[in-house]
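Participant: Sharing my_file.csv below, CSV, C-alpha atoms:
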chain,number,residue,atom,x,y,z
W,248,MET,CA,22.8,27.7,20.4
W,249,SER,CA,25.6,29.5,18.7
W,250,LYS,CA,26.6,29.4,15.0
W,251,ALA,CA,29.9,27.7,15.8
W,252,LYS,CA,32.4,27.0,13.0
W,253,ILE,CA,33.4,23.4,13.1
W,254,MET,CA,36.1,21.5,11.2
W,255,ILE,CA,35.7,17.8,10.5
W,256,VAL,CA,38.7,15.5,10.3
W,257,GLU,CA,37.6,12.1,9.2
W,258,ASP,CA,39.2,9.6,6.7
W,259,GLU,CA,36.0,7.9,5.7
W,260,TRP,CA,34.2,10.1,3.1
W,261,VAL,CA,30.7,8.7,3.7
W,262,THR,CA,31.1,9.2,7.5
W,263,ALA,CA,32.5,12.7,7.0
W,264,ASP,CA,29.6,13.6,4.8
W,265,ASP,CA,27.1,12.2,7.4
W,266,ILE,CA,28.8,14.2,10.2
W,267,ARG,CA,28.7,17.4,8.0
W,268,MET,CA,25.0,17.0,7.3
W,269,SER,CA,24.3,16.3,11.0
W,270,LEU,CA,26.2,19.4,12.1
W,271,GLN,CA,24.4,21.6,9.5
W,272,SER,CA,21.0,20.2,10.6
W,273,LEU,CA,22.0,21.2,14.2
W,274,GLY,CA,22.7,24.8,13.0
W,275,TYR,CA,26.6,24.7,12.9
W,276,THR,CA,28.8,25.9,10.1
W,277,VAL,CA,31.3,23.4,8.7
W,278,THR,CA,34.5,25.2,7.8
W,279,SER,CA,36.2,22.3,6.1
W,280,VAL,CA,36.3,18.5,5.9
W,281,THR,CA,39.7,16.8,5.7
W,282,SER,CA,41.1,13.3,5.9
W,283,SER,CA,44.7,13.7,7.0
W,284,GLY,CA,46.4,15.1,10.1
W,285,GLU,CA,48.8,17.2,8.1
W,286,GLU,CA,46.0,18.9,6.1
W,287,ALA,CA,44.0,19.3,9.3
W,288,ILE,CA,46.8,21.4,10.9
W,289,GLN,CA,47.0,23.6,7.8
W,290,LYS,CA,43.2,24.0,7.6
W,291,ALA,CA,43.1,24.9,11.3
W,292,GLU,CA,45.6,27.7,10.7
W,293,ASN,CA,43.7,29.0,7.7
W,294,ASP,CA,40.1,28.5,8.8
W,295,ARG,CA,40.4,29.1,12.6
W,296,PRO,CA,37.3,27.0,13.5
W,297,ASP,CA,35.8,27.3,16.9
W,298,LEU,CA,36.1,23.5,17.3
W,299,VAL,CA,37.5,20.4,15.6
W,300,LEU,CA,35.8,17.0,15.4
W,301,MET,CA,38.8,14.6,15.1
W,302,ASP,CA,38.9,11.0,14.1
W,303,ILE,CA,41.9,9.1,15.5
W,304,MET,CA,42.8,6.9,12.6
W,305,LEU,CA,43.5,9.1,9.6
W,306,LYS,CA,45.1,8.9,6.1
W,307,GLY,CA,48.8,9.8,5.9
W,308,GLU,CA,51.7,9.6,8.3
W,309,MET,CA,50.0,11.5,11.2
W,310,ASP,CA,47.2,10.1,13.3
W,311,GLY,CA,44.4,12.2,14.8
W,312,ILE,CA,45.9,12.3,18.3
W,313,GLU,CA,49.2,13.9,17.0
W,314,ALA,CA,47.2,16.3,14.8
W,315,ALA,CA,45.0,17.2,17.8
W,316,ARG,CA,48.0,17.9,19.9
W,317,GLN,CA,49.5,20.2,17.4
W,318,ILE,CA,46.3,22.1,16.7
W,319,ARG,CA,45.6,22.5,20.4
W,320,SER,CA,49.1,23.7,21.2
W,321,CYS,CA,49.6,26.0,18.2
W,322,TYR,CA,46.1,27.5,17.8
W,323,GLY,CA,44.3,26.8,21.1
W,324,ILE,CA,41.3,25.2,19.3
W,325,PRO,CA,39.3,22.7,21.3
W,326,ILE,CA,39.1,19.2,20.1
W,327,ILE,CA,36.4,16.5,20.4
W,328,TYR,CA,37.4,13.0,19.3
W,329,LEU,CA,34.8,11.3,17.3
W,330,THR,CA,36.1,7.8,16.7
W,331,ALA,CA,35.3,4.1,16.6
W,332,TYR,CA,38.3,3.4,18.8
W,333,ALA,CA,37.8,3.2,22.6
W,334,ASP,CA,40.5,0.8,23.8
W,335,GLU,CA,42.5,1.7,26.9
W,336,LYS,CA,45.8,2.5,25.2
W,337,ILE,CA,44.2,4.9,22.6
W,338,LEU,CA,42.1,6.5,25.3
W,339,GLU,CA,45.2,7.1,27.4
W,340,ARG,CA,47.1,8.6,24.5
W,341,ALA,CA,44.2,10.8,23.5
W,342,SER,CA,43.6,12.1,27.1
W,343,ILE,CA,47.1,13.6,27.1
W,344,THR,CA,46.0,16.1,24.4
W,345,GLU,CA,43.3,17.4,26.8
W,346,PRO,CA,40.3,16.9,24.5
W,347,PHE,CA,37.1,18.6,25.3
W,348,GLY,CA,35.1,15.5,24.5
W,349,TYR,CA,35.4,11.9,23.3
W,350,ILE,CA,32.4,10.4,21.4
W,351,VAL,CA,32.4,6.8,20.2
W,352,LYS,CA,30.9,6.1,16.8
W,353,PRO,CA,28.1,5.4,16.0
W,354,PHE,CA,26.7,8.5,17.7
W,355,VAL,CA,23.3,10.1,18.1
W,356,ASN,CA,22.9,13.7,16.9
W,357,GLU,CA,21.7,14.8,20.4
W,358,ASP,CA,24.9,13.4,22.0
W,359,LEU,CA,27.0,15.2,19.4
W,360,LYS,CA,25.1,18.5,20.0
W,361,ILE,CA,25.5,18.2,23.8
W,362,ALA,CA,29.3,17.4,23.5
W,363,ILE,CA,29.8,20.4,21.2
W,364,GLU,CA,27.9,22.9,23.3
W,365,ILE,CA,29.7,21.7,26.5
W,366,ALA,CA,33.1,21.9,24.7
W,367,LEU,CA,32.4,25.4,23.4
W,368,TYR,CA,31.2,26.6,26.8
W,369,LYS,CA,34.3,25.1,28.6
W,370,HIS,CA,36.6,26.7,26.0
W,371,ARG,CA,35.0,30.2,26.5
W,372,VAL,CA,35.3,29.8,30.3
W,373,GLU,CA,38.9,28.7,30.0
W,374,LYS,CA,39.8,31.7,27.8
W,375,GLU,CA,38.0,34.1,30.2
W,376,ARG,CA,39.9,32.5,33.2
W,377,LYS,CA,43.2,33.0,31.4
W,378,ARG,CA,42.4,36.6,30.6
W,379,LEU,CA,41.4,37.3,34.2
W,380,ILE,CA,44.6,35.7,35.5
W,381,GLU,CA,46.7,37.9,33.1
W,382,ASN,CA,44.8,41.0,34.2
W,383,LEU,CA,45.5,40.1,37.9
W,384,GLN,CA,49.2,39.5,37.1
W,385,ASP,CA,49.4,42.8,35.3
W,386,ALA,CA,47.7,44.6,38.2
W,387,LEU,CA,49.8,43.1,41.0
W,388,PRO,CA,52.9,45.3,40.3
W,389,ARG,CA,50.7,48.5,40.2
W,390,ILE,CA,49.0,47.5,43.4
W,391,THR,CA,52.3,46.9,45.1
W,392,THR,CA,53.6,50.3,43.9
W,393,LEU,CA,50.4,52.1,45.0
W,394,SER,CA,50.4,50.5,48.5
W,395,GLY,CA,54.0,51.6,49.0
W,396,LEU,CA,53.1,55.2,48.1
W,397,LEU,CA,50.1,55.7,50.4
W,398,PRO,CA,49.9,53.4,53.4
W,399,ILE,CA,46.2,53.3,54.2
W,400,CYS,CA,44.4,51.0,56.6
W,401,PRO,CA,41.7,49.1,54.6
W,402,SER,CA,39.4,48.8,57.6
W,403,CYS,CA,39.5,52.2,59.3
W,404,LYS,CA,40.8,54.2,56.3
W,405,LYS,CA,43.5,56.0,58.4
W,406,ILE,CA,46.7,57.0,56.8
W,407,ARG,CA,50.2,56.2,58.3
W,408,ASP,CA,52.6,59.2,58.3
W,409,ALA,CA,56.4,59.1,57.9
W,410,GLU,CA,56.9,58.4,61.6
W,411,GLY,CA,54.5,55.4,61.6
W,412,ASN,CA,51.6,57.1,63.3
W,413,TRP,CA,48.0,56.5,62.0
W,414,LYS,CA,46.0,59.6,61.4
Now, as a test, write the supplied structure out as structure tokens.
Facilitator:
Amino acid sequence: MSKAKIMIVEDEWVTADDIRMSLQSLGYTVTSVTSSGEEAIQKAENDRPDLVLMDIMLKGEMDGIEAARQIRSCYGIPIIYLTAYADEKILERASITEPFGYIVKPFVNEDLKIAIEIALYKHRVEKERKRLIENLQDALPRITTLSGLLPICPSCKKIRDAEGNWK
């Protein structure tokens, strides 16, 4: 298990403290605890956590779904919703933000740990996949240029001369 840095966004102080203690007992570092979407975005920028546990109903103008959307799009930080709300409309709205998990309260610590570890793993794999795609896209023009300079048969390793003969 990694020492992941996790931000908690929860409007109920007692629940937030319980989540913080659960995370610490599981070996995670809690970067910050906040109760509003606006503050969550600011703390995500400053703290750069590895993961955000986001409640959906928050204090202030912005709900957790909008805060998650902005955090994910601006900073690429994975989100796990940790909420008491599981109705169809909210679930549909939340799924548009591409969360890495959705846990309905009350939760069991083991379920929380599993969801966090899977989310962190999926995020690492996603970042590596994006990096590999960028490398391949960068390499494509160089490969095209090189193949134009030296026409070589990949199977027999013969080289084509200017007249088109293989030698």
Participant: Show which residues sit within 12 Å of Gln271 (chain W), as a list in words. Count all atoms listed in the file, and ignore same-chain residues fewer than 6 positions away.
Facilitator: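 The residues that qualify are Lys250, Ala251, Lys252, Ile253, Met254, Ile255, Asp264, Asp265, Val277, Thr278, Asn356 and Lys360 of chain W.
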Participant: Deliver the residues from the most recent selection as a file, using C-alpha atoms, as a tab-separated table (two decimals), in the coordinates of the input.
Facilitator:
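Below you can see result.tsv, which holds the result:
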chain	number	residue	atom	x	y	z
W	250	LYS	CA	26.60	29.40	15.00
W	251	ALA	CA	29.90	27.70	15.80
W	252	LYS	CA	32.40	27.00	13.00
W	253	ILE	CA	33.40	23.40	13.10
W	254	MET	CA	36.10	21.50	11.20
W	255	ILE	CA	35.70	17.80	10.50
W	264	ASP	CA	29.60	13.60	4.80
W	265	ASP	CA	27.10	12.20	7.40
W	277	VAL	CA	31.30	23.40	8.70
W	278	THR	CA	34.50	25.20	7.80
W	356	ASN	CA	22.90	13.70	16.90
W	360	LYS	CA	25.10	18.50	20.00
Participant: Can you measure CA of Ala341 (chain W) to CA of Glu375 (chain W) for me? One decimal in Å is fine.
Facilitator: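 We find that CA of Ala341 (chain W) and CA of Glu375 (chain W) lie 25.0 Å from each other.
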Participant: To one decimal in Å, tell me the separation between CA of Gln384 (chain W) and CA of Arg295 (chain W).
Facilitator: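 Separation between CA of Gln384 (chain W) and CA of Arg295 (chain W): 28.0 Å.
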Participant: Suppose you want the space between CA of Ser269 (chain W) and CA of Lys352 (chain W); what is it in Å?
Facilitator: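 Those two atoms sit 13.5 Å apart.
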Participant: Find the residue from W:Leu273, W:Met301, W:Ala291, W:Ala315 that sits nearest to Val256 (chain W); use all atoms listed in the file when measuring.
Facilitator: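 Result for the nearest residue to Val256 (chain W): W:Met301.
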Participant: Show me, as number ranges by chain, the residues that have an atom within 7 Å of Ile288 (chain W) when counting only C-alpha atoms, minus same-chain residues fewer than 3 positions from it.
Facilitator: W: 284-285, 291-292, 314, 318
Participant: Let me make sure I understand: among W:Leu298, W:Met268, W:Gln289, W:Arg389, which one has the smallest atom-to-atom distance to Glu364 (chain W) if we use all atoms listed in the file?
Facilitator: W:Leu298
